[in-house]
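K.L.:
What follows is the file final_31.txt, containing compact mmCIF, C-alpha atoms:
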# COMPACT_ATOMS: atom_id res chain seq x y z
CA MET V 814 91.35 81.75 107.57
CA LYS V 815 91.91 82.50 103.89
CA PHE V 816 89.61 85.17 102.42
CA GLY V 817 89.02 86.02 98.76
CA ILE V 818 87.46 89.44 98.19
CA LEU V 819 85.16 90.47 95.35
CA ILE V 820 84.47 94.18 94.76
CA ASN V 821 81.54 94.99 92.50
CA GLU V 822 81.32 98.78 92.66
CA GLY V 823 83.57 101.70 91.81
CA PRO V 824 85.10 104.10 94.34
CA PHE V 825 83.28 107.14 95.77
CA THR V 826 79.76 106.57 94.38
CA HIS V 827 79.52 103.47 96.56
CA GLN V 828 81.17 102.65 99.86
CA ALA V 829 81.73 99.03 98.79
CA SER V 830 85.41 99.45 98.00
CA ASP V 831 86.08 101.33 101.28
CA SER V 832 84.30 98.61 103.26
CA ALA V 833 86.25 95.91 101.44
CA TYR V 834 89.50 97.77 102.15
CA HIS V 835 88.74 98.04 105.88
CA PHE V 836 87.69 94.38 105.98
CA THR V 837 90.87 93.29 104.20
CA LYS V 838 93.09 95.40 106.44
CA ALA V 839 91.38 94.17 109.62
CA ALA V 840 91.55 90.53 108.50
CA LEU V 841 95.28 90.82 107.76
CA GLU V 842 95.92 92.52 111.11
CA LYS V 843 94.12 89.64 112.85
CA GLY V 844 96.49 87.19 111.17
CA HIS V 845 94.17 85.96 108.42
CA GLU V 846 95.27 85.69 104.81
CA VAL V 847 93.81 87.70 101.91
CA PRO V 848 95.72 86.42 98.91
CA ARG V 849 93.52 88.00 96.25
CA VAL V 850 91.07 90.87 95.71
CA PHE V 851 89.10 90.71 92.46
CA PHE V 852 87.57 93.82 90.87
CA TYR V 853 84.49 93.27 88.71
CA TYR V 854 81.64 95.33 87.23
CA ASP V 855 82.28 99.03 88.01
CA GLY V 856 84.75 97.78 90.62
CA VAL V 857 87.40 97.98 87.89
CA TYR V 858 87.38 101.78 88.36
CA ASN V 859 89.20 101.23 91.65
CA ALA V 860 92.30 100.62 89.51
CA ASN V 861 92.18 103.88 87.54
CA LYS V 862 95.45 105.68 88.19
CA LEU V 863 93.96 108.92 86.83
CA SER V 864 91.65 109.10 89.85
CA ASP V 865 92.52 112.32 91.66
CA PRO V 866 90.22 113.10 94.59
CA GLN V 867 90.40 116.34 96.58
CA ALA V 868 93.28 116.55 99.05
CA ASP V 869 91.08 116.36 102.17
CA ASP V 870 89.43 113.12 100.99
CA ARG V 871 90.75 109.55 100.97
CA ASN V 872 92.33 108.25 97.77
CA VAL V 873 90.79 104.80 97.37
CA VAL V 874 92.97 103.80 94.41
CA LYS V 875 96.18 104.62 96.28
CA MET V 876 94.95 102.96 99.48
CA TRP V 877 94.60 99.66 97.64
CA GLY V 878 97.96 99.99 95.93
CA GLU V 879 99.75 100.72 99.21
CA LEU V 880 98.04 97.85 101.02
CA ALA V 881 98.96 95.49 98.18
CA ALA V 882 102.60 96.53 98.30
CA GLU V 883 102.81 96.30 102.07
CA LYS V 884 100.92 93.03 102.58
CA ASP V 885 101.50 91.32 99.22
CA VAL V 886 97.84 91.19 98.18
CA ASP V 887 97.14 90.19 94.57
CA LEU V 888 94.81 92.89 93.14
CA VAL V 889 93.20 91.58 89.95
CA VAL V 890 91.07 93.63 87.57
CA CYS V 891 88.74 91.76 85.19
CA VAL V 892 89.95 92.24 81.63
CA ALA V 893 86.52 92.18 79.96
CA ALA V 894 84.87 94.50 82.50
CA GLY V 895 87.92 96.78 82.31
CA MET V 896 87.97 97.00 78.53
CA ARG V 897 84.32 98.07 78.46
CA ARG V 898 85.07 100.85 80.90
CA GLY V 899 88.46 101.97 79.62
CA ILE V 900 90.62 100.43 82.35
CA LYS V 901 93.70 99.17 80.52
CA GLU V 902 97.45 98.81 81.09
CA GLU V 903 97.92 102.47 80.08
CA ASN V 904 95.96 103.79 83.05
CA LEU V 905 96.31 100.91 85.51
CA ALA V 906 97.35 102.08 88.97
CA ASP V 907 100.37 100.63 90.80
CA GLY V 908 99.73 97.35 92.59
CA PHE V 909 96.99 96.11 90.23
CA ARG V 910 97.14 93.65 87.36
CA ILE V 911 94.64 92.78 84.63
CA SER V 912 93.50 89.20 84.10
CA GLY V 913 90.48 87.03 83.39
CA LEU V 914 87.43 85.92 85.36
CA GLY V 915 89.09 82.57 85.96
CA GLN V 916 91.08 84.38 88.65
CA LEU V 917 87.83 85.03 90.53
CA VAL V 918 86.68 81.42 90.27
CA GLU V 919 90.14 80.27 91.43
CA ALA V 920 89.92 82.58 94.45
CA GLY V 921 86.55 81.02 95.27
CA MET V 922 88.02 77.54 94.92
CA GLY V 923 91.20 78.27 96.86
CA CYS V 924 89.91 80.38 99.76
CA ASP V 925 87.87 79.38 102.81
CA ARG V 926 85.49 82.29 102.20
CA LEU V 927 84.73 84.53 99.25
CA VAL V 928 83.37 87.85 100.54
CA MET V 929 81.52 90.11 98.13
CA PHE V 930 81.20 93.87 98.49
CA GLY V 931 78.62 95.64 96.36
CA ASP V 932 74.99 96.66 96.04
CA MET Y 261 102.36 92.62 92.11
CA ALA Y 262 103.14 88.94 91.85
CA GLU Y 263 100.32 86.64 90.93
CA PHE Y 264 99.16 84.43 93.78
CA GLU Y 265 99.05 80.72 92.94
CA PHE Y 266 96.04 78.93 94.43
CA GLU Y 267 95.94 75.22 95.03
CA THR Y 268 92.88 74.29 92.98
CA GLU Y 269 93.82 70.80 91.84
CA GLY Y 270 90.91 68.48 92.66
CA VAL Y 271 88.92 71.23 94.40
CA LYS Y 272 85.18 70.98 93.89
CA LYS Y 273 83.00 73.75 95.27
CA THR Y 274 79.44 74.96 94.85
CA PHE Y 275 79.01 78.47 93.50
CA THR Y 276 75.64 80.18 93.82
CA PHE Y 277 74.92 83.06 91.49
CA MET Y 278 72.17 85.38 92.71
CA ASN Y 279 70.57 87.16 89.76
CA ARG Y 280 68.49 89.88 91.36
CA LYS Y 281 68.20 92.60 88.72
CA ALA Y 282 66.11 93.09 85.58
CA PRO Y 283 68.00 92.11 82.42
CA TYR Y 284 68.35 95.68 81.14
CA GLY Y 285 68.74 98.94 83.04
CA THR Y 286 71.98 97.83 84.70
CA ILE Y 287 74.80 95.59 83.50
CA TYR Y 288 74.68 93.12 86.41
CA ALA Y 289 72.67 90.44 84.58
CA LEU Y 290 74.98 90.40 81.59
CA GLU Y 291 78.27 90.41 83.46
CA VAL Y 292 77.32 87.74 85.98
CA LEU Y 293 76.62 85.37 83.08
CA GLU Y 294 80.25 85.65 82.05
CA THR Y 295 81.26 84.40 85.49
CA VAL Y 296 78.76 81.53 85.37
CA LEU Y 297 80.27 80.30 82.11
CA ILE Y 298 83.83 80.47 83.48
CA THR Y 299 82.69 78.28 86.39
CA ALA Y 300 81.98 75.56 83.82
CA ALA Y 301 85.56 75.78 82.55
CA PHE Y 302 86.68 74.85 86.09
CA GLU Y 303 84.01 72.10 86.31
CA GLN Y 304 82.52 73.48 89.53
CA HIS Y 305 78.99 72.93 90.85
CA ALA Y 306 76.70 75.91 90.37
CA ASN Y 307 73.27 77.15 91.36
CA ILE Y 308 72.10 79.83 88.96
CA VAL Y 309 69.35 81.54 90.95
CA PHE Y 310 66.82 84.14 89.83
CA VAL Y 311 65.03 86.27 92.43
CA ASP Y 312 63.28 89.65 92.57
CA ASP Y 313 63.31 91.38 89.15
CA GLY Y 314 66.03 88.91 88.16
CA VAL Y 315 63.25 86.50 87.14
CA TYR Y 316 62.61 88.73 84.10
CA GLN Y 317 66.03 87.72 82.75
CA LEU Y 318 64.60 84.36 81.69
CA LYS Y 319 61.54 85.73 79.81
CA SER Y 320 61.06 84.39 76.28
CA GLY Y 321 60.75 86.75 73.34
CA GLN Y 322 63.04 89.55 74.53
CA ASP Y 323 63.36 92.28 71.90
CA THR Y 324 65.83 95.04 72.73
CA ALA Y 325 65.87 96.86 69.38
CA ALA Y 326 64.01 99.90 70.69
CA ILE Y 327 66.49 100.50 73.55
CA ASN Y 328 69.62 99.80 71.47
CA MET Y 329 70.90 97.22 73.97
CA LYS Y 330 72.48 93.88 73.12
CA ASN Y 331 69.94 91.07 73.59
CA PHE Y 332 72.05 88.61 75.55
CA SER Y 333 69.16 86.30 76.49
CA PRO Y 334 70.40 83.52 74.12
CA THR Y 335 73.20 83.01 76.70
CA TYR Y 336 70.67 81.44 79.08
CA GLY Y 337 70.21 78.73 76.45
CA ILE Y 338 73.97 78.10 76.56
CA ILE Y 339 73.80 77.78 80.34
CA GLU Y 340 70.96 75.27 79.99
CA MET Y 341 73.06 73.32 77.48
CA GLU Y 342 76.04 73.27 79.86
CA LYS Y 343 73.74 71.92 82.57
CA GLU Y 344 72.25 69.25 80.29
CA ASP Y 345 75.69 68.18 79.05
CA ALA Y 346 76.87 67.81 82.64
CA ASP Y 347 73.71 65.88 83.60
CA GLU Y 348 74.06 63.45 80.69
CA ASP Y 349 77.83 62.92 80.60
CA GLU Y 350 78.98 60.90 83.59
CA ASP Y 351 82.58 61.98 82.96
CA ILE Y 352 81.61 65.56 83.85
CA ASP Y 353 81.37 65.95 87.63
CA MET Y 354 79.38 69.16 87.63
CA ASN Y 355 75.96 69.60 89.19
CA TRP Y 356 74.19 72.70 87.90
CA ARG Y 357 70.73 73.89 88.93
CA ILE Y 358 68.71 76.71 87.40
CA ILE Y 359 66.44 77.94 90.19
CA VAL Y 360 63.68 80.54 90.31
CA GLU Y 361 62.20 81.80 93.58
CA LYS Y 362 58.48 81.08 93.81
CA GLU Y 363 57.54 84.29 95.62
CA SER Y 364 59.30 86.47 93.04
CA LEU Y 365 57.47 84.67 90.23
CA GLU Y 366 54.07 85.04 91.83
CA ALA Y 367 54.57 88.70 92.73
CA ARG Y 368 55.17 89.44 89.04
CA GLY Y 369 52.37 87.30 87.62
CA LEU Y 370 54.81 85.01 85.81
CA THR Y 371 54.79 81.24 85.39
CA THR Y 372 57.49 78.88 84.18
CA ASP Y 373 55.70 78.85 80.77
CA ASP Y 374 57.02 82.40 80.29
CA PHE Y 375 60.63 81.23 80.41
CA LYS Y 376 62.99 80.21 77.65
CA VAL Y 377 64.73 77.53 79.76
CA ASP Y 378 63.57 74.81 82.14
CA VAL Y 379 63.84 75.86 85.79
CA GLU Y 380 63.30 74.52 89.29
CA VAL Y 381 60.90 76.61 91.34
CA LEU Y 382 61.80 76.83 95.05
CA SER Y 383 60.23 78.79 97.90
CA ALA Y 384 62.28 81.45 99.66
CA ALA Y 385 62.75 79.07 102.59
CA GLU Y 386 63.98 76.24 100.32
CA LEU Y 387 66.25 78.67 98.52
CA ALA Y 388 67.76 79.74 101.84
CA ASP Y 389 68.86 76.13 102.36
CA VAL Y 390 70.46 76.06 98.90
CA ILE Y 391 72.41 79.24 99.66
CA ASP Y 392 73.38 77.91 103.07
CA ALA Y 393 74.78 74.75 101.49
CA SER Y 394 76.92 76.58 98.92
CA ASP Y 395 80.58 77.57 99.30
CA CYS Y 396 80.61 80.85 97.35
CA VAL Y 397 77.74 83.24 96.73
CA ILE Y 398 78.23 85.73 93.92
CA GLY Y 399 75.71 88.49 93.35
CA GLY Y 400 74.59 90.12 90.17
Take the structure I supplied and represent it as structure tokens, if you would.
P.N.:
Amino acid sequence: MKFGILINEGPFTHQASDSAYHFTKAALEKGHEVPRVFFYYDGVYNANKLSDPQADDRNVVKMWGELAAEKDVDLVVCVAAGMRRGIKEENLADGFRISGLGQLVEAGMGCDRLVMFGD
Amino acid sequence: MAEFEFETEGVKKTFTFMNRKAPYGTIYALEVLETVLITAAFEQHANIVFVDDGVYQLKSGQDTAAINMKNFSPTYGIIEMEKEDADEDEDIDMNWRIIVEKESLEARGLTTDDFKVDVEVLSAAELADVIDASDCVIGG
């Protein structure tokens, strides 16, 4: 099955991004496809390369970047939501790209399921 | 990372937008509207649903001056216009519904007369069927 993922919350304050990561990883391991993950609302903070958690904690931003590189997942950050919150090309983490909301609608149109993680 | 190309030619799906939050206090109401409008650009079916405190989003006469927030409530008028255009123009294959949950309305002492756009009022049970019949559910 082809899954599109929508992440609506930032890292650390909420577990949404962690849950989405584990879901995505598990789906890929089971042989499903996850062509695109879309980051919206505070979810855009998951792409902040300046995020620097303590060494004994997980690094959510890096986890996504590594998964994207390994499994060829398209990580898309909403441009409008990102601009409001200061997520721009200058501080965009590896593995992410910035684009418009049309990329979310396309994921909904092109996937069998769109799974949302948030409050 | 390379952009993934989806096959969307001729695809017609039903998106349901669940507006659950009060218009101000959090940004969810404002940002979900941006997604609703993009759905029109792709000529997709959409249910724009208001439940819980989300029903306050449609209230007439919003005045945000005292809280220094942008009053984005005129956007609901644009959504209503998109819906009416789609209903009237047979070349546009786009079925949009603006739905308010009956229980949420009653719990807050509101009626449809309080709203700035025309809505369908459905019970929670009827709304469950609408959600069940949609392809994508997006929360806000």
K.L.:
Which residues, written as a PyMOL selection string, have at least one atom at most 10 Å from Ala840 in chain V, with all atoms listed in the file counted and residues fewer than 6 positions away on the same chain left out?
P.N.:
chain V and resi 814-816+834+846-847
K.L.:
Write the residues of the selection above to a file with C-alpha atoms, as an mmCIF file, keeping the file's coordinate frame.
P.N.:
data_model
loop_
_atom_site.group_PDB
_atom_site.id
_atom_site.type_symbol
_atom_site.label_atom_id
_atom_site.label_comp_id
_atom_site.auth_asym_id
_atom_site.auth_seq_id
_atom_site.Cartn_x
_atom_site.Cartn_y
_atom_site.Cartn_z
ATOM 1 C CA MET V 814 91.350 81.750 107.570
ATOM 2 C CA LYS V 815 91.910 82.500 103.890
ATOM 3 C CA PHE V 816 89.610 85.170 102.420
ATOM 4 C CA TYR V 834 89.500 97.770 102.150
ATOM 5 C CA GLU V 846 95.270 85.690 104.810
ATOM 6 C CA VAL V 847 93.810 87.700 101.910
#
K.L.:
Would you work out the distance separating CA of Gly895 in chain V from CA of Tyr853 in chain V, expressed in Å to one decimal?
P.N.:
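The value is 8.1 Å.
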K.L.:
Counting only C-alpha atoms, which residue out of V:Lys838, V:Gly844, V:Glu822, V:Glu903 sits closest to Lys862 in chain V?
P.N.:
V:Glu903
K.L.:
Dump as JSON lines the rows for residues of chain Y within 8 Å of chain V: closest atom pair and distance in Å with one decimal, all atoms listed in the file counted, ordered by chain and rising residue number.
P.N.:
{"residue": "Y:Met261", "atom": "CA", "partner": "V:Gly908", "partner_atom": "CA", "distance": 5.4}
{"residue": "Y:Ala262", "atom": "CA", "partner": "V:Asp887", "partner_atom": "CA", "distance": 6.7}
{"residue": "Y:Glu263", "atom": "CA", "partner": "V:Asp887", "partner_atom": "CA", "distance": 6.0}
{"residue": "Y:Phe264", "atom": "CA", "partner": "V:Asp887", "partner_atom": "CA", "distance": 6.2}
{"residue": "Y:Phe266", "atom": "CA", "partner": "V:Gly923", "partner_atom": "CA", "distance": 5.5}
{"residue": "Y:Glu267", "atom": "CA", "partner": "V:Gly923", "partner_atom": "CA", "distance": 5.9}
{"residue": "Y:Thr268", "atom": "CA", "partner": "V:Gly923", "partner_atom": "CA", "distance": 5.8}
{"residue": "Y:Val271", "atom": "CA", "partner": "V:Met922", "partner_atom": "CA", "distance": 6.4}
{"residue": "Y:Lys272", "atom": "CA", "partner": "V:Met922", "partner_atom": "CA", "distance": 7.2}
{"residue": "Y:Lys273", "atom": "CA", "partner": "V:Met922", "partner_atom": "CA", "distance": 6.3}
{"residue": "Y:Ile287", "atom": "CA", "partner": "V:Tyr854", "partner_atom": "CA", "distance": 7.8}
{"residue": "Y:Tyr288", "atom": "CA", "partner": "V:Tyr854", "partner_atom": "CA", "distance": 7.3}
{"residue": "Y:Glu291", "atom": "CA", "partner": "V:Tyr854", "partner_atom": "CA", "distance": 7.1}
{"residue": "Y:Glu294", "atom": "CA", "partner": "V:Leu914", "partner_atom": "CA", "distance": 7.9}
{"residue": "Y:Thr295", "atom": "CA", "partner": "V:Leu914", "partner_atom": "CA", "distance": 6.4}
{"residue": "Y:Ile298", "atom": "CA", "partner": "V:Gly915", "partner_atom": "CA", "distance": 6.2}
{"residue": "Y:Thr299", "atom": "CA", "partner": "V:Val918", "partner_atom": "CA", "distance": 6.4}
{"residue": "Y:Phe302", "atom": "CA", "partner": "V:Val918", "partner_atom": "CA", "distance": 7.8}
{"residue": "Y:Asp395", "atom": "CA", "partner": "V:Arg926", "partner_atom": "CA", "distance": 7.4}
{"residue": "Y:Cys396", "atom": "CA", "partner": "V:Leu927", "partner_atom": "CA", "distance": 5.8}
{"residue": "Y:Val397", "atom": "CA", "partner": "V:Leu927", "partner_atom": "CA", "distance": 7.5}
{"residue": "Y:Ile398", "atom": "CA", "partner": "V:Met929", "partner_atom": "CA", "distance": 6.9}
{"residue": "Y:Gly399", "atom": "CA", "partner": "V:Met929", "partner_atom": "CA", "distance": 7.7}
K.L.:
Please produce a file of those selected residues containing C-alpha atoms, as a compact mmCIF listing (two decimals), keeping the file's coordinate frame.
P.N.:
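Saved as out-v5.txt:
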# COMPACT_ATOMS: atom_id res chain seq x y z
CA MET Y 261 102.36 92.62 92.11
CA ALA Y 262 103.14 88.94 91.85
CA GLU Y 263 100.32 86.64 90.93
CA PHE Y 264 99.16 84.43 93.78
CA PHE Y 266 96.04 78.93 94.43
CA GLU Y 267 95.94 75.22 95.03
CA THR Y 268 92.88 74.29 92.98
CA VAL Y 271 88.92 71.23 94.40
CA LYS Y 272 85.18 70.98 93.89
CA LYS Y 273 83.00 73.75 95.27
CA ILE Y 287 74.80 95.59 83.50
CA TYR Y 288 74.68 93.12 86.41
CA GLU Y 291 78.27 90.41 83.46
CA GLU Y 294 80.25 85.65 82.05
CA THR Y 295 81.26 84.40 85.49
CA ILE Y 298 83.83 80.47 83.48
CA THR Y 299 82.69 78.28 86.39
CA PHE Y 302 86.68 74.85 86.09
CA ASP Y 395 80.58 77.57 99.30
CA CYS Y 396 80.61 80.85 97.35
CA VAL Y 397 77.74 83.24 96.73
CA ILE Y 398 78.23 85.73 93.92
CA GLY Y 399 75.71 88.49 93.35
K.L.:
Would you be able to write out as a PyMOL selection string which residues have an atom within 12 Å of (88.8, 100.1, 103.1) in the file's coordinates, counting all atoms listed in the file?
P.N.:
chain V and resi 818+820+824-825+827-840+859+871-880+930
K.L.:
Distance CA of Ala289 in chain Y-CA of Ser383 in chain Y, one decimal place?
P.N.:
21.6 Å
K.L.:
Can you take the partial range 310-344 of chain Y, add N, CA and C atoms, and return it as a short mmCIF file (atom, residue, chain, number, x, y, z; two decimals), keeping the file's coordinate frame?
P.N.:
data_model
loop_
_atom_site.label_atom_id
_atom_site.label_comp_id
_atom_site.auth_asym_id
_atom_site.auth_seq_id
_atom_site.Cartn_x
_atom_site.Cartn_y
_atom_site.Cartn_z
N PHE Y 310 67.48 82.92 90.28
CA PHE Y 310 66.82 84.14 89.83
C PHE Y 310 65.78 84.56 90.87
N VAL Y 311 65.98 85.74 91.43
CA VAL Y 311 65.03 86.27 92.43
C VAL Y 311 64.73 87.73 92.11
N ASP Y 312 63.71 88.26 92.78
CA ASP Y 312 63.28 89.65 92.57
C ASP Y 312 63.09 89.91 91.07
N ASP Y 313 63.48 91.09 90.58
CA ASP Y 313 63.31 91.38 89.15
C ASP Y 313 64.23 90.53 88.28
N GLY Y 314 65.15 89.81 88.90
CA GLY Y 314 66.03 88.91 88.16
C GLY Y 314 65.26 87.84 87.40
N VAL Y 315 64.04 87.53 87.83
CA VAL Y 315 63.25 86.50 87.14
C VAL Y 315 62.92 86.94 85.70
N TYR Y 316 62.88 88.24 85.46
CA TYR Y 316 62.61 88.73 84.10
C TYR Y 316 63.73 88.37 83.12
N GLN Y 317 64.91 88.07 83.64
CA GLN Y 317 66.03 87.72 82.75
C GLN Y 317 65.71 86.52 81.87
N LEU Y 318 64.87 85.62 82.40
CA LEU Y 318 64.60 84.36 81.69
C LEU Y 318 63.42 84.44 80.73
N LYS Y 319 62.74 85.57 80.66
CA LYS Y 319 61.54 85.73 79.81
C LYS Y 319 61.86 85.38 78.35
N SER Y 320 60.95 84.65 77.72
CA SER Y 320 61.06 84.39 76.28
C SER Y 320 60.72 85.65 75.50
N GLY Y 321 61.18 85.68 74.27
CA GLY Y 321 60.75 86.75 73.34
C GLY Y 321 61.27 88.13 73.68
N GLN Y 322 62.48 88.22 74.24
CA GLN Y 322 63.04 89.55 74.53
C GLN Y 322 63.42 90.23 73.23
N ASP Y 323 63.04 91.50 73.10
CA ASP Y 323 63.36 92.28 71.90
C ASP Y 323 63.90 93.63 72.37
N THR Y 324 65.19 93.85 72.16
CA THR Y 324 65.83 95.04 72.73
C THR Y 324 66.10 96.11 71.67
N ALA Y 325 65.56 95.92 70.48
CA ALA Y 325 65.87 96.86 69.38
C ALA Y 325 65.57 98.31 69.77
N ALA Y 326 64.43 98.53 70.41
CA ALA Y 326 64.01 99.90 70.69
C ALA Y 326 64.89 100.60 71.73
N ILE Y 327 65.62 99.85 72.55
CA ILE Y 327 66.49 100.50 73.55
C ILE Y 327 67.97 100.40 73.17
N ASN Y 328 68.24 99.89 71.97
CA ASN Y 328 69.62 99.80 71.47
C ASN Y 328 70.57 99.10 72.45
N MET Y 329 70.06 98.03 73.08
CA MET Y 329 70.90 97.22 73.97
C MET Y 329 71.09 95.86 73.32
N LYS Y 330 72.24 95.23 73.63
CA LYS Y 330 72.48 93.88 73.12
C LYS Y 330 71.51 92.91 73.81
N ASN Y 331 70.81 92.10 73.01
CA ASN Y 331 69.94 91.07 73.59
C ASN Y 331 70.81 89.85 73.90
N PHE Y 332 71.14 89.71 75.17
CA PHE Y 332 72.05 88.61 75.55
C PHE Y 332 71.28 87.40 76.05
N SER Y 333 69.94 87.41 75.92
CA SER Y 333 69.16 86.30 76.49
C SER Y 333 69.47 84.93 75.86
N PRO Y 334 70.01 84.86 74.61
CA PRO Y 334 70.40 83.52 74.12
C PRO Y 334 71.43 82.82 75.03
N THR Y 335 72.18 83.61 75.82
CA THR Y 335 73.20 83.01 76.70
C THR Y 335 72.57 82.07 77.73
N TYR Y 336 71.31 82.34 78.12
CA TYR Y 336 70.67 81.44 79.08
C TYR Y 336 70.48 80.05 78.47
N GLY Y 337 70.30 80.01 77.14
CA GLY Y 337 70.21 78.73 76.45
C GLY Y 337 71.54 77.98 76.52
N ILE Y 338 72.64 78.73 76.46
CA ILE Y 338 73.97 78.10 76.56
C ILE Y 338 74.16 77.52 77.96
N ILE Y 339 73.69 78.27 78.95
CA ILE Y 339 73.80 77.78 80.34
C ILE Y 339 72.98 76.49 80.50
N GLU Y 340 71.80 76.48 79.91
CA GLU Y 340 70.96 75.27 79.99
C GLU Y 340 71.66 74.09 79.30
N MET Y 341 72.33 74.38 78.18
CA MET Y 341 73.06 73.32 77.48
C MET Y 341 74.22 72.78 78.32
N GLU Y 342 74.94 73.68 78.97
CA GLU Y 342 76.04 73.27 79.86
C GLU Y 342 75.51 72.33 80.94
N LYS Y 343 74.36 72.73 81.51
CA LYS Y 343 73.74 71.92 82.57
C LYS Y 343 73.36 70.55 82.04
N GLU Y 344 72.71 70.52 80.86
CA GLU Y 344 72.25 69.25 80.29
C GLU Y 344 73.44 68.35 79.93
#
